[in-house]
Amino acid sequence: MKAGLLILFLLGLSSLSLAQSSTVAGLHTTVRGSVSDAAGKALPFASIALLNARDSTLAKGGVTSEAGTYELTGIRPGRYVVMASSIGYKPAKSAVFEVAATPVDVLVLPLSESAKTLNEVAVVTKKPFVEQEADRTVINVAGSIIGSGSTALEVLEKAPGVTVDRQNDALQLRGKDGVIVQIDGKQTYLSMQDVVNLLKNMPSDNIEKIDLITNPGARYDAAGNSGIINIRLKKNNNVGTNGSASLTGGSGRFDRERTSLQLNHRESKVNLFGSYGLNRGGNYWNFTTDRDQPAQGDGTGAAVDLTKRSFVEQNTYLVYRDLGQNAKAGLDYMPTKNTTIGLVWTAFWNNNDQRGPAIAQFRRGSDQPVYLQTETAKTQITHTSNQLVNLNFQHTLTAKDGKSNNGQLAADLDMGHYQREFTTTLLTATTIGANANPNSLTALDNRMPTTVDIRSVKADYSRTLPGKWKLDLGVKSTSVKTDNNLTIFTGMGDNLSMDPSRSNQFQYTEQVNAGYVSLSGKWAGQTDVQVGLRAEHTHSEGNSITLKSIVERNYLNWFPSLFISRPIAKNQTLAVSYSYRIDRPSYQNLNPSRSFVDPYAFQEGNPYLRPQYTHSLEVKHGFNSKVFTSLGASFTSDLVFIVAYPLDGNKVYYIVQNIGKSQAYNLTVSFPVTVTKGWTMQTTLLGFYNQFDYNYQESLLSLSQFSGRLNSSSAIVLGKGWTAELSGRISAPSVYAIWSSPWLGSVDAGLQKAVNAKLKVKLSGQDLVHTNRTIATMNTPTNIQHIRMTQDTRLVLLNLSYTFGNQKLKAARQRRTAAEEEMQRAN
């Protein structure tokens with residue numbers, strides 16, 4: 001209700017502003033005219049500049065209509081010149097003319113095509129794959145050879161500072177968990193595991209660029225202790241009807257097929273757009289682990305005998321097929337030049353089928369005979385659907401002069417629905433002793449349908465203030481409802497019955513109401529300052545219907561932020577930023593039910609999880625807008641982490657807990673290198689120090705380590721339409737809480753031929769030496785575990801991309817929606 005009242009109030013302000021601006025238009029006279037090409041055909045949406053004839057200063061600006069005409073109102077008497085320009089054409093000026101009290105008609109201005117518009121493309125420069133801006137790192141996916149034909153997840157693996165944990169399906173930014181993933185400025189509304197699965201099936205040819213924002217301000221949701229990854233999809237806002245299409249085929253051990261299509265139609269007041277992407281192919285998951293754990297119990301208690309151990313070796317080899325689809329459709333309606341109303345529908349569908357054997361052997365000592373062996377045939381089938389509808393409104397407020405921008409009002413309404421059908425079937429043959437015959441097959445059937453429904457509304461208002469200051473404020477309200485109904489069937493062979501002791505239905509509701517205020521401007525002439533404060537009130541209720549247990553939480557948090565930037569010397573700037581952030585638990589991590597990996601390993605939710613909180617501080621230096629250095633520090637309390645515990649001597653279970661606190665320090669240097677003419681290289685060096693203080697099995701532990709990462713990407717212009725790319729990354733040994741990893745890295749390369757202005761052919765090789773894998777060790781006082789995982793990451797891909805229609809680009813409208821956090825945490 002309060003959010004609705006605020007929206008009505010702000011709409012009233014915008015109406016008043018429109019009324020004020022409308023009184024200005026008729027005070028003076030009008031200048032009219034038209035623009036055409038050399039053949040006399042009208043040029044729509046050409047830029048018009050009315051210049052004072054005396055000193056060529058700008059008096060008024062505008063854009064031609066779809067018919068190529070323009071009309072500039074409110075012109076004072078004087079001598080003027082009209083200049084017209086359009087992408088792909090040379091600018092043209094009119095003769096000097098006099099404006100008095102009556103309207104003036106300027107002759108048609110013909111524009112001739114620029115010499116740069118050629119049938120045969122001559123590539124002069126190429127945007128680098130990685131660009132470092134003052135407040136973010138930008139990954140330019142569109143046009144990248146290495147990025148073409150791959151998936152969004154494979155592109156992120158090449159991004160500096162981003163780590164993809166394929167074992168746990170998680171992302172880290174600068175060595176820290178808690179990443180918030182957005183698509184076109186809005187949350188995906190999924191858990192991290194499902195976000196990774198979504199990115200595995202999103203063709204990179206649908207992506208324009210990716211922003212890595214390490215320290216967001218008060219305007220953003222306070223979620224995410226390590227920052228935001230914003231994936232910006234392609235949206236063609238060119239005049240008329242146009243689009244692009246791509247087709248990719250290739251193989252590693254298994255085949256890959258990917259395709260994407262973008263369509264757009266733009267007129268003077270309406271813009272229609274849509275896209276579709278498909279990813280199909282096979283893969284494998286080769287997972288090996290060995291565990292050294294207590295032979296009984298969980299390794300704790302006064303009577304535990306840690307000299308008696310159980311050694312477990314497990315190997316799982318799954319072959320799976322993926323079919324991922326994503327679609328987007330929408331329209332923007334512009335009733336006035338200052339107002340836009342939009343409607344967008346976004347959807348993702350993923351089907352995943354995994355099948356293969358899992359073998360485990362159990363010994364009493366590393367050199368002892370096998371006393372137990374299991375052979376499990378595993379089948380896992382997952383179907384997911386994620387759909388979001390967004391209605392948005394944006395209005396630019398004008399000052400009393402009717403020309404200058406005086407602020408903006410934006411409002412969004414989101415309705416999202418996520419659904420997942422998940423089934424795992426385990427058929428296990430158990431052998432007691434090394435030479436015995438297997439027992440009868442035991443079966444475990446795990447079914448868990450999940451639904452998540454989100455309703456979210458937000459409004460943002462900005463206003464310019466005297467002295468070049470700006471005020472931003474906004475409100476947001478989000479309601480989430482989830483339902484997880486886990487049913488487990490057990491038995492021998494085909495004779496299965498429901499196991500009520502393991503089954504559980506869990507429902508979760510959450511209401512988050514938020515508001516923020518931010519003030520920005522210049523202080524003492526040269527210093528840019530932005531100070532913000534965000535408040536978020538959360539009320540949640542987790543209800544385990546089967547266990548008859550309800551966990552209710554109610555808390556209010558304040559999240560301040562501060563950004564200061566100023567030039568300190570010629571071509572040098574220094575910026576300091578601070579923010580306080582929160583990570584709420586994902587919905588499935590709050591679910592107390594068990595999900596079985598195999599008969600001897602399962603994952604369990606924790607309804608008593610608390611949010612984790614992080615203080616982040618960053619100092620950034622920029623030189624010549626090319627070399628960027630940053631020093632960051634973060635301090636996290638109530639650290640949320642997935643922990644492995646031994647059970648009953650030969651089992652292991654994984655549970656997410658608040659295990660302690662952490663502190664992290666990082667130093668990042670990003671700089672370009674010109675190797676030779678036409679060969680530029682962007683290099684990013686990241687060094688970090690992590691320290692974790694946590695409680696594991698009644699023991700207080702502390703673990704710390706220095707580590708680093710090097711990312712380098714080269715863009716090479718070969719001439720005659722040929723370009724090449726080379727990209728590589730290497731990570732030094734590192735630790736994260738109870739896990740440590742050795743040296744890891746990967747190398748990619750690509751070659752592109754621009755056949756003409758519309759058709760490009762790209763050949764790329766990914767993970768050329770097949771070193772992109774997961775290797776980790778957990779070493780605690782009672783439990784040691786080693787894991788190693790490889791997938792089908794060494795690929796050769798051939799990509800064809802084609803653009804069609806009018807490619808005279810108009811500026812795209814950027815917007816963020818009310819969907820900011822919640823489905824990020826769904827499962």
# chains A, B, ... in the order shown; residues from 1 in each chain; ligands from 1
$ select_by_dssp --residues "segment 302-530 of chain A" --states "strand (DSSP E)" --output "MDAnalysis selection string"
chainID A and resid 309:336 339:363 370:398 405:432 442:447 450:465 469:492 495:498 504:523 527:530
$ residues_around --residues "Trp743 of chain A" --least-positions-apart "4" --cutoff "6 Å" --atoms "only C-alpha atoms" --output "ChimeraX atom specification"
/A:731-733
$ closest_atom_pairs --of "segment 532-609 of chain A" --to "segment 359-365 of chain A" --cutoff "12 Å" --atoms "only C-alpha atoms" --output "Markdown table"
| residue | atom | partner | partner_atom | distance |
| --- | --- | --- | --- | --- |
| A:Asp598 | CA | A:Ala360 | CA | 9.8 |
| A:Pro599 | CA | A:Ala360 | CA | 10.1 |
| A:Tyr600 | CA | A:Ala360 | CA | 9.0 |
| A:Ala601 | CA | A:Ala360 | CA | 10.9 |
$ closest_residue --among "A:Pro567, A:Gly542, A:Gly678, A:Gly33" --to "Val106 of chain A" --atoms "only C-alpha atoms"
A:Gly33
$ closest_residue --among "A:Gln603, A:Asn350, A:Gln314, A:Asn264" --to "Asn279 of chain A" --atoms "only C-alpha atoms"
A:Asn350
$ closest_residue --among "A:Thr629, A:Asn386, A:Thr538, A:Asn779" --to "Val643 of chain A" --atoms "only C-alpha atoms"
A:Asn779
$ closest_residue --among "A:Met202, A:Asn352, A:Trp722, A:Lys209" --to "Leu278 of chain A" --atoms "only C-alpha atoms"
A:Met202
$ atom_distance --atom1 "atom CA of Phe688 of chain A" --atom2 "atom CA of Leu574 of chain A"
20.8 Å
$ residues_around --residues "segment 405-412 of chain A" --least-positions-apart "5" --cutoff "6 Å" --atoms "only C-alpha atoms" --output "ChimeraX atom specification"
/A:391-399,457-464,817-818
$ atom_distance --atom1 "atom CA of Ser244 of chain A" --atom2 "atom CA of Asn799 of chain A"
13.2 Å
$ atom_distance --atom1 "atom CA of Ser595 of chain A" --atom2 "atom CA of Ala377 of chain A"
16.6 Å
$ residues_around --residues "His786 of chain A" --least-positions-apart "4" --cutoff "12 Å" --atoms "only C-alpha atoms" --output "list in words"
Phe287, Thr288, Thr289, Asp290, Arg291, Asp292, Gln293, Phe311, Val312, Glu313, Gln314, Asn315, Ala644, Ile738, Trp739, Ser740, Ser741, Pro742, Thr774, Ile775, Ala776, Thr777, Met778, Asn779 and Thr780 of chain A
$ closest_residue --among "A:Gln691, A:Thr336, A:Ser47, A:Thr425" --to "Gly356 of chain A" --atoms "only C-alpha atoms"
A:Thr425
$ closest_residue --among "A:Pro294, A:Pro44, A:Gly68, A:Gly721" --to "Ala757 of chain A" --atoms "only C-alpha atoms"
A:Gly721
$ residues_around --residues "segment 608-624 of chain A" --least-positions-apart "4" --cutoff "9 Å" --atoms "only C-alpha atoms" --output "PDB file with N, CA, C and O atoms, in the first residue's frame"
ATOM      1  N   GLU A 133      36.645  -0.564 -16.526  1.00  0.00           N
ATOM      2  CA  GLU A 133      36.118   0.770 -16.321  1.00  0.00           C
ATOM      3  C   GLU A 133      36.295   1.157 -14.856  1.00  0.00           C
ATOM      4  O   GLU A 133      36.677   0.337 -14.021  1.00  0.00           O
ATOM      5  N   ALA A 134      35.991   2.410 -14.552  1.00  0.00           N
ATOM      6  CA  ALA A 134      36.273   2.922 -13.205  1.00  0.00           C
ATOM      7  C   ALA A 134      35.509   2.166 -12.132  1.00  0.00           C
ATOM      8  O   ALA A 134      36.025   1.917 -11.048  1.00  0.00           O
ATOM      9  N   ASP A 135      34.247   1.769 -12.407  1.00  0.00           N
ATOM     10  CA  ASP A 135      33.433   1.148 -11.359  1.00  0.00           C
ATOM     11  C   ASP A 135      33.109  -0.315 -11.623  1.00  0.00           C
ATOM     12  O   ASP A 135      32.401  -0.941 -10.851  1.00  0.00           O
ATOM     13  N   THR A 214      31.897  -4.937  -8.193  1.00  0.00           N
ATOM     14  CA  THR A 214      32.372  -5.482  -6.923  1.00  0.00           C
ATOM     15  C   THR A 214      31.845  -4.749  -5.695  1.00  0.00           C
ATOM     16  O   THR A 214      31.880  -5.300  -4.594  1.00  0.00           O
ATOM     17  N   ASN A 215      31.367  -3.517  -5.851  1.00  0.00           N
ATOM     18  CA  ASN A 215      30.899  -2.765  -4.679  1.00  0.00           C
ATOM     19  C   ASN A 215      29.682  -1.918  -5.055  1.00  0.00           C
ATOM     20  O   ASN A 215      29.783  -0.711  -5.265  1.00  0.00           O
ATOM     21  N   GLY A 224      24.268 -10.074  -1.617  1.00  0.00           N
ATOM     22  CA  GLY A 224      25.498 -10.353  -2.352  1.00  0.00           C
ATOM     23  C   GLY A 224      26.713  -9.756  -1.692  1.00  0.00           C
ATOM     24  O   GLY A 224      26.991  -8.569  -1.846  1.00  0.00           O
ATOM     25  N   ASN A 225      27.481 -10.570  -0.960  1.00  0.00           N
ATOM     26  CA  ASN A 225      28.600 -10.002  -0.213  1.00  0.00           C
ATOM     27  C   ASN A 225      29.850  -9.835  -1.058  1.00  0.00           C
ATOM     28  O   ASN A 225      30.809  -9.200  -0.629  1.00  0.00           O
ATOM     29  N   SER A 226      29.890 -10.401  -2.281  1.00  0.00           N
ATOM     30  CA  SER A 226      31.078 -10.228  -3.119  1.00  0.00           C
ATOM     31  C   SER A 226      30.807  -9.404  -4.365  1.00  0.00           C
ATOM     32  O   SER A 226      31.740  -9.098  -5.104  1.00  0.00           O
ATOM     33  N   VAL A 551       9.943 -22.450  11.759  1.00  0.00           N
ATOM     34  CA  VAL A 551      11.002 -21.516  12.147  1.00  0.00           C
ATOM     35  C   VAL A 551      10.644 -20.152  11.559  1.00  0.00           C
ATOM     36  O   VAL A 551      10.537 -19.993  10.343  1.00  0.00           O
ATOM     37  N   SER A 565      35.322   9.990  -5.138  1.00  0.00           N
ATOM     38  CA  SER A 565      36.276   9.931  -6.249  1.00  0.00           C
ATOM     39  C   SER A 565      36.732  11.339  -6.589  1.00  0.00           C
ATOM     40  O   SER A 565      35.929  12.287  -6.578  1.00  0.00           O
ATOM     41  N   LYS A 570      47.286  14.750 -13.264  1.00  0.00           N
ATOM     42  CA  LYS A 570      46.873  14.680 -14.651  1.00  0.00           C
ATOM     43  C   LYS A 570      46.651  13.219 -15.051  1.00  0.00           C
ATOM     44  O   LYS A 570      47.512  12.373 -14.862  1.00  0.00           O
ATOM     45  N   ASN A 571      45.450  12.937 -15.590  1.00  0.00           N
ATOM     46  CA  ASN A 571      45.081  11.600 -16.058  1.00  0.00           C
ATOM     47  C   ASN A 571      45.069  10.553 -14.948  1.00  0.00           C
ATOM     48  O   ASN A 571      45.209   9.358 -15.208  1.00  0.00           O
ATOM     49  N   GLN A 572      44.903  10.987 -13.688  1.00  0.00           N
ATOM     50  CA  GLN A 572      44.857  10.037 -12.582  1.00  0.00           C
ATOM     51  C   GLN A 572      43.662  10.354 -11.679  1.00  0.00           C
ATOM     52  O   GLN A 572      43.400  11.516 -11.377  1.00  0.00           O
ATOM     53  N   THR A 573      42.958   9.308 -11.274  1.00  0.00           N
ATOM     54  CA  THR A 573      41.839   9.457 -10.345  1.00  0.00           C
ATOM     55  C   THR A 573      41.998   8.454  -9.203  1.00  0.00           C
ATOM     56  O   THR A 573      42.574   7.375  -9.374  1.00  0.00           O
ATOM     57  N   LEU A 574      41.459   8.830  -8.058  1.00  0.00           N
ATOM     58  CA  LEU A 574      41.467   7.957  -6.889  1.00  0.00           C
ATOM     59  C   LEU A 574      40.045   7.863  -6.349  1.00  0.00           C
ATOM     60  O   LEU A 574      39.365   8.882  -6.191  1.00  0.00           O
ATOM     61  N   ALA A 575      39.584   6.645  -6.105  1.00  0.00           N
ATOM     62  CA  ALA A 575      38.225   6.432  -5.611  1.00  0.00           C
ATOM     63  C   ALA A 575      38.248   5.517  -4.399  1.00  0.00           C
ATOM     64  O   ALA A 575      39.024   4.562  -4.336  1.00  0.00           O
ATOM     65  N   VAL A 576      37.383   5.828  -3.433  1.00  0.00           N
ATOM     66  CA  VAL A 576      37.231   5.030  -2.228  1.00  0.00           C
ATOM     67  C   VAL A 576      35.753   4.677  -2.086  1.00  0.00           C
ATOM     68  O   VAL A 576      34.883   5.540  -2.270  1.00  0.00           O
ATOM     69  N   SER A 577      35.449   3.409  -1.783  1.00  0.00           N
ATOM     70  CA  SER A 577      34.052   2.997  -1.636  1.00  0.00           C
ATOM     71  C   SER A 577      33.905   2.051  -0.449  1.00  0.00           C
ATOM     72  O   SER A 577      34.827   1.312  -0.101  1.00  0.00           O
ATOM     73  N   TYR A 578      32.709   2.104   0.155  1.00  0.00           N
ATOM     74  CA  TYR A 578      32.368   1.234   1.280  1.00  0.00           C
ATOM     75  C   TYR A 578      30.911   0.819   1.150  1.00  0.00           C
ATOM     76  O   TYR A 578      30.048   1.615   0.741  1.00  0.00           O
ATOM     77  N   SER A 579      30.620  -0.433   1.466  1.00  0.00           N
ATOM     78  CA  SER A 579      29.232  -0.887   1.497  1.00  0.00           C
ATOM     79  C   SER A 579      29.082  -2.001   2.520  1.00  0.00           C
ATOM     80  O   SER A 579      30.045  -2.708   2.850  1.00  0.00           O
ATOM     81  N   TYR A 580      27.877  -2.145   3.018  1.00  0.00           N
ATOM     82  CA  TYR A 580      27.524  -3.199   3.977  1.00  0.00           C
ATOM     83  C   TYR A 580      26.425  -4.025   3.323  1.00  0.00           C
ATOM     84  O   TYR A 580      25.437  -3.461   2.820  1.00  0.00           O
ATOM     85  N   ARG A 581      26.589  -5.383   3.291  1.00  0.00           N
ATOM     86  CA  ARG A 581      25.705  -6.200   2.491  1.00  0.00           C
ATOM     87  C   ARG A 581      25.259  -7.433   3.276  1.00  0.00           C
ATOM     88  O   ARG A 581      25.832  -7.797   4.311  1.00  0.00           O
ATOM     89  N   ILE A 582      24.234  -8.115   2.723  1.00  0.00           N
ATOM     90  CA  ILE A 582      23.639  -9.281   3.368  1.00  0.00           C
ATOM     91  C   ILE A 582      23.498 -10.397   2.332  1.00  0.00           C
ATOM     92  O   ILE A 582      23.282 -10.138   1.147  1.00  0.00           O
ATOM     93  N   ASP A 583      23.645 -11.645   2.804  1.00  0.00           N
ATOM     94  CA  ASP A 583      23.329 -12.826   1.997  1.00  0.00           C
ATOM     95  C   ASP A 583      22.309 -13.658   2.756  1.00  0.00           C
ATOM     96  O   ASP A 583      22.634 -14.282   3.780  1.00  0.00           O
ATOM     97  N   ARG A 584      21.074 -13.679   2.263  1.00  0.00           N
ATOM     98  CA  ARG A 584      20.060 -14.528   2.873  1.00  0.00           C
ATOM     99  C   ARG A 584      20.220 -15.951   2.342  1.00  0.00           C
ATOM    100  O   ARG A 584      20.598 -16.153   1.193  1.00  0.00           O
ATOM    101  N   PRO A 585      19.892 -16.967   3.147  1.00  0.00           N
ATOM    102  CA  PRO A 585      20.034 -18.357   2.689  1.00  0.00           C
ATOM    103  C   PRO A 585      19.119 -18.641   1.504  1.00  0.00           C
ATOM    104  O   PRO A 585      18.028 -18.085   1.387  1.00  0.00           O
ATOM    105  N   ASN A 589      18.313 -24.471   0.793  1.00  0.00           N
ATOM    106  CA  ASN A 589      19.212 -24.702   1.916  1.00  0.00           C
ATOM    107  C   ASN A 589      18.500 -24.629   3.261  1.00  0.00           C
ATOM    108  O   ASN A 589      19.016 -25.104   4.273  1.00  0.00           O
ATOM    109  N   LEU A 590      17.315 -24.013   3.279  1.00  0.00           N
ATOM    110  CA  LEU A 590      16.512 -23.971   4.505  1.00  0.00           C
ATOM    111  C   LEU A 590      15.631 -25.203   4.664  1.00  0.00           C
ATOM    112  O   LEU A 590      15.052 -25.412   5.733  1.00  0.00           O
ATOM    113  N   PHE A 628      44.175   0.289 -14.178  1.00  0.00           N
ATOM    114  CA  PHE A 628      43.367   0.376 -12.966  1.00  0.00           C
ATOM    115  C   PHE A 628      43.966  -0.537 -11.891  1.00  0.00           C
ATOM    116  O   PHE A 628      44.303  -1.693 -12.147  1.00  0.00           O
ATOM    117  N   THR A 629      44.077   0.020 -10.701  1.00  0.00           N
ATOM    118  CA  THR A 629      44.577  -0.733  -9.556  1.00  0.00           C
ATOM    119  C   THR A 629      43.575  -0.595  -8.416  1.00  0.00           C
ATOM    120  O   THR A 629      43.102   0.514  -8.135  1.00  0.00           O
ATOM    121  N   SER A 630      43.259  -1.693  -7.774  1.00  0.00           N
ATOM    122  CA  SER A 630      42.321  -1.629  -6.654  1.00  0.00           C
ATOM    123  C   SER A 630      42.823  -2.481  -5.504  1.00  0.00           C
ATOM    124  O   SER A 630      43.442  -3.538  -5.707  1.00  0.00           O
ATOM    125  N   LEU A 631      42.567  -1.994  -4.302  1.00  0.00           N
ATOM    126  CA  LEU A 631      42.886  -2.704  -3.074  1.00  0.00           C
ATOM    127  C   LEU A 631      41.600  -2.836  -2.276  1.00  0.00           C
ATOM    128  O   LEU A 631      40.963  -1.832  -1.945  1.00  0.00           O
ATOM    129  N   GLY A 632      41.193  -4.073  -2.003  1.00  0.00           N
ATOM    130  CA  GLY A 632      39.918  -4.291  -1.339  1.00  0.00           C
ATOM    131  C   GLY A 632      40.055  -5.134  -0.086  1.00  0.00           C
ATOM    132  O   GLY A 632      40.996  -5.916   0.069  1.00  0.00           O
ATOM    133  N   ALA A 633      39.094  -4.955   0.811  1.00  0.00           N
ATOM    134  CA  ALA A 633      39.040  -5.746   2.034  1.00  0.00           C
ATOM    135  C   ALA A 633      37.575  -6.015   2.366  1.00  0.00           C
ATOM    136  O   ALA A 633      36.713  -5.167   2.149  1.00  0.00           O
ATOM    137  N   SER A 634      37.303  -7.205   2.885  1.00  0.00           N
ATOM    138  CA  SER A 634      35.934  -7.541   3.291  1.00  0.00           C
ATOM    139  C   SER A 634      35.977  -8.386   4.554  1.00  0.00           C
ATOM    140  O   SER A 634      36.904  -9.179   4.756  1.00  0.00           O
ATOM    141  N   PHE A 635      34.947  -8.217   5.372  1.00  0.00           N
ATOM    142  CA  PHE A 635      34.867  -8.907   6.660  1.00  0.00           C
ATOM    143  C   PHE A 635      33.454  -9.477   6.786  1.00  0.00           C
ATOM    144  O   PHE A 635      32.475  -8.724   6.788  1.00  0.00           O
ATOM    145  N   THR A 636      33.358 -10.803   6.873  1.00  0.00           N
ATOM    146  CA  THR A 636      32.074 -11.493   6.871  1.00  0.00           C
ATOM    147  C   THR A 636      31.838 -12.172   8.210  1.00  0.00           C
ATOM    148  O   THR A 636      32.720 -12.872   8.729  1.00  0.00           O
ATOM    149  N   SER A 637      30.643 -11.986   8.743  1.00  0.00           N
ATOM    150  CA  SER A 637      30.232 -12.659   9.974  1.00  0.00           C
ATOM    151  C   SER A 637      29.102 -13.632   9.671  1.00  0.00           C
ATOM    152  O   SER A 637      28.389 -13.482   8.684  1.00  0.00           O
ATOM    153  N   ASP A 638      28.930 -14.633  10.545  1.00  0.00           N
ATOM    154  CA  ASP A 638      27.937 -15.701  10.332  1.00  0.00           C
ATOM    155  C   ASP A 638      28.136 -16.352   8.966  1.00  0.00           C
ATOM    156  O   ASP A 638      27.188 -16.565   8.210  1.00  0.00           O
ATOM    157  N   LEU A 639      29.388 -16.675   8.646  1.00  0.00           N
ATOM    158  CA  LEU A 639      29.741 -17.218   7.343  1.00  0.00           C
ATOM    159  C   LEU A 639      28.924 -18.464   7.022  1.00  0.00           C
ATOM    160  O   LEU A 639      28.891 -19.420   7.794  1.00  0.00           O
ATOM    161  N   VAL A 640      28.248 -18.462   5.865  1.00  0.00           N
ATOM    162  CA  VAL A 640      27.449 -19.602   5.414  1.00  0.00           C
ATOM    163  C   VAL A 640      28.304 -20.466   4.505  1.00  0.00           C
ATOM    164  O   VAL A 640      28.873 -19.980   3.516  1.00  0.00           O
ATOM    165  N   VAL A 656      24.605 -27.137   5.013  1.00  0.00           N
ATOM    166  CA  VAL A 656      25.009 -25.731   5.001  1.00  0.00           C
ATOM    167  C   VAL A 656      24.829 -25.170   6.405  1.00  0.00           C
ATOM    168  O   VAL A 656      23.764 -25.312   7.009  1.00  0.00           O
ATOM    169  N   GLN A 657      25.885 -24.522   6.918  1.00  0.00           N
ATOM    170  CA  GLN A 657      25.848 -24.010   8.280  1.00  0.00           C
ATOM    171  C   GLN A 657      26.470 -22.618   8.356  1.00  0.00           C
ATOM    172  O   GLN A 657      27.230 -22.211   7.473  1.00  0.00           O
ATOM    173  N   ASN A 658      26.126 -21.899   9.429  1.00  0.00           N
ATOM    174  CA  ASN A 658      26.865 -20.685   9.806  1.00  0.00           C
ATOM    175  C   ASN A 658      28.058 -21.147  10.639  1.00  0.00           C
ATOM    176  O   ASN A 658      27.917 -21.475  11.822  1.00  0.00           O
TER     177      ASN A 658
END
$ residues_around --residues "Thr478 of chain A" --least-positions-apart "4" --cutoff "7 Å" --atoms "only C-alpha atoms" --output "list of chain:residue names"
A:Arg455, A:Ser456, A:Val457, A:Gln511, A:Val512, A:Asn513
$ write_last_selection --atoms "all heavy atoms" --output "PDB file, in the first residue's frame"
ATOM      1  N   ARG A 455       6.173 -12.080  -6.286  1.00  0.00           N
ATOM      2  CA  ARG A 455       5.498 -10.840  -6.673  1.00  0.00           C
ATOM      3  C   ARG A 455       6.356  -9.694  -6.134  1.00  0.00           C
ATOM      4  O   ARG A 455       6.686  -9.666  -4.950  1.00  0.00           O
ATOM      5  CB  ARG A 455       4.086 -10.763  -6.083  1.00  0.00           C
ATOM      6  CG  ARG A 455       3.176 -11.898  -6.515  1.00  0.00           C
ATOM      7  CD  ARG A 455       2.865 -11.841  -8.000  1.00  0.00           C
ATOM      8  NE  ARG A 455       1.959 -12.903  -8.406  1.00  0.00           N
ATOM      9  CZ  ARG A 455       2.343 -14.079  -8.878  1.00  0.00           C
ATOM     10  NH1 ARG A 455       3.645 -14.348  -8.969  1.00  0.00           N
ATOM     11  NH2 ARG A 455       1.467 -14.992  -9.237  1.00  0.00           N
ATOM     12  N   SER A 456       6.708  -8.762  -7.004  1.00  0.00           N
ATOM     13  CA  SER A 456       7.617  -7.697  -6.587  1.00  0.00           C
ATOM     14  C   SER A 456       7.229  -6.394  -7.268  1.00  0.00           C
ATOM     15  O   SER A 456       6.873  -6.377  -8.446  1.00  0.00           O
ATOM     16  CB  SER A 456       9.066  -8.076  -6.953  1.00  0.00           C
ATOM     17  OG  SER A 456       9.968  -7.120  -6.471  1.00  0.00           O
ATOM     18  N   VAL A 457       7.300  -5.296  -6.511  1.00  0.00           N
ATOM     19  CA  VAL A 457       7.020  -3.966  -7.053  1.00  0.00           C
ATOM     20  C   VAL A 457       8.059  -3.000  -6.504  1.00  0.00           C
ATOM     21  O   VAL A 457       8.479  -3.114  -5.345  1.00  0.00           O
ATOM     22  CB  VAL A 457       5.587  -3.496  -6.689  1.00  0.00           C
ATOM     23  CG1 VAL A 457       5.392  -3.401  -5.185  1.00  0.00           C
ATOM     24  CG2 VAL A 457       5.272  -2.156  -7.350  1.00  0.00           C
ATOM     25  N   GLN A 511       8.677 -12.074   3.146  1.00  0.00           N
ATOM     26  CA  GLN A 511       8.281 -10.731   2.742  1.00  0.00           C
ATOM     27  C   GLN A 511       9.425  -9.784   3.065  1.00  0.00           C
ATOM     28  O   GLN A 511       9.861  -9.707   4.218  1.00  0.00           O
ATOM     29  CB  GLN A 511       7.009 -10.284   3.469  1.00  0.00           C
ATOM     30  CG  GLN A 511       6.526  -8.884   3.116  1.00  0.00           C
ATOM     31  CD  GLN A 511       5.816  -8.838   1.761  1.00  0.00           C
ATOM     32  OE1 GLN A 511       5.117  -9.774   1.401  1.00  0.00           O
ATOM     33  NE2 GLN A 511       6.007  -7.752   1.024  1.00  0.00           N
ATOM     34  N   VAL A 512       9.933  -9.093   2.039  1.00  0.00           N
ATOM     35  CA  VAL A 512      11.009  -8.123   2.225  1.00  0.00           C
ATOM     36  C   VAL A 512      10.518  -6.761   1.739  1.00  0.00           C
ATOM     37  O   VAL A 512      10.144  -6.614   0.569  1.00  0.00           O
ATOM     38  CB  VAL A 512      12.286  -8.521   1.460  1.00  0.00           C
ATOM     39  CG1 VAL A 512      13.366  -7.469   1.673  1.00  0.00           C
ATOM     40  CG2 VAL A 512      12.782  -9.884   1.919  1.00  0.00           C
ATOM     41  N   ASN A 513      10.508  -5.783   2.637  1.00  0.00           N
ATOM     42  CA  ASN A 513      10.168  -4.413   2.291  1.00  0.00           C
ATOM     43  C   ASN A 513      11.419  -3.548   2.450  1.00  0.00           C
ATOM     44  O   ASN A 513      12.100  -3.622   3.483  1.00  0.00           O
ATOM     45  CB  ASN A 513       9.055  -3.881   3.194  1.00  0.00           C
ATOM     46  CG  ASN A 513       7.759  -4.654   3.024  1.00  0.00           C
ATOM     47  OD1 ASN A 513       7.331  -4.932   1.910  1.00  0.00           O
ATOM     48  ND2 ASN A 513       7.127  -5.029   4.127  1.00  0.00           N
TER      49      ASN A 513
END
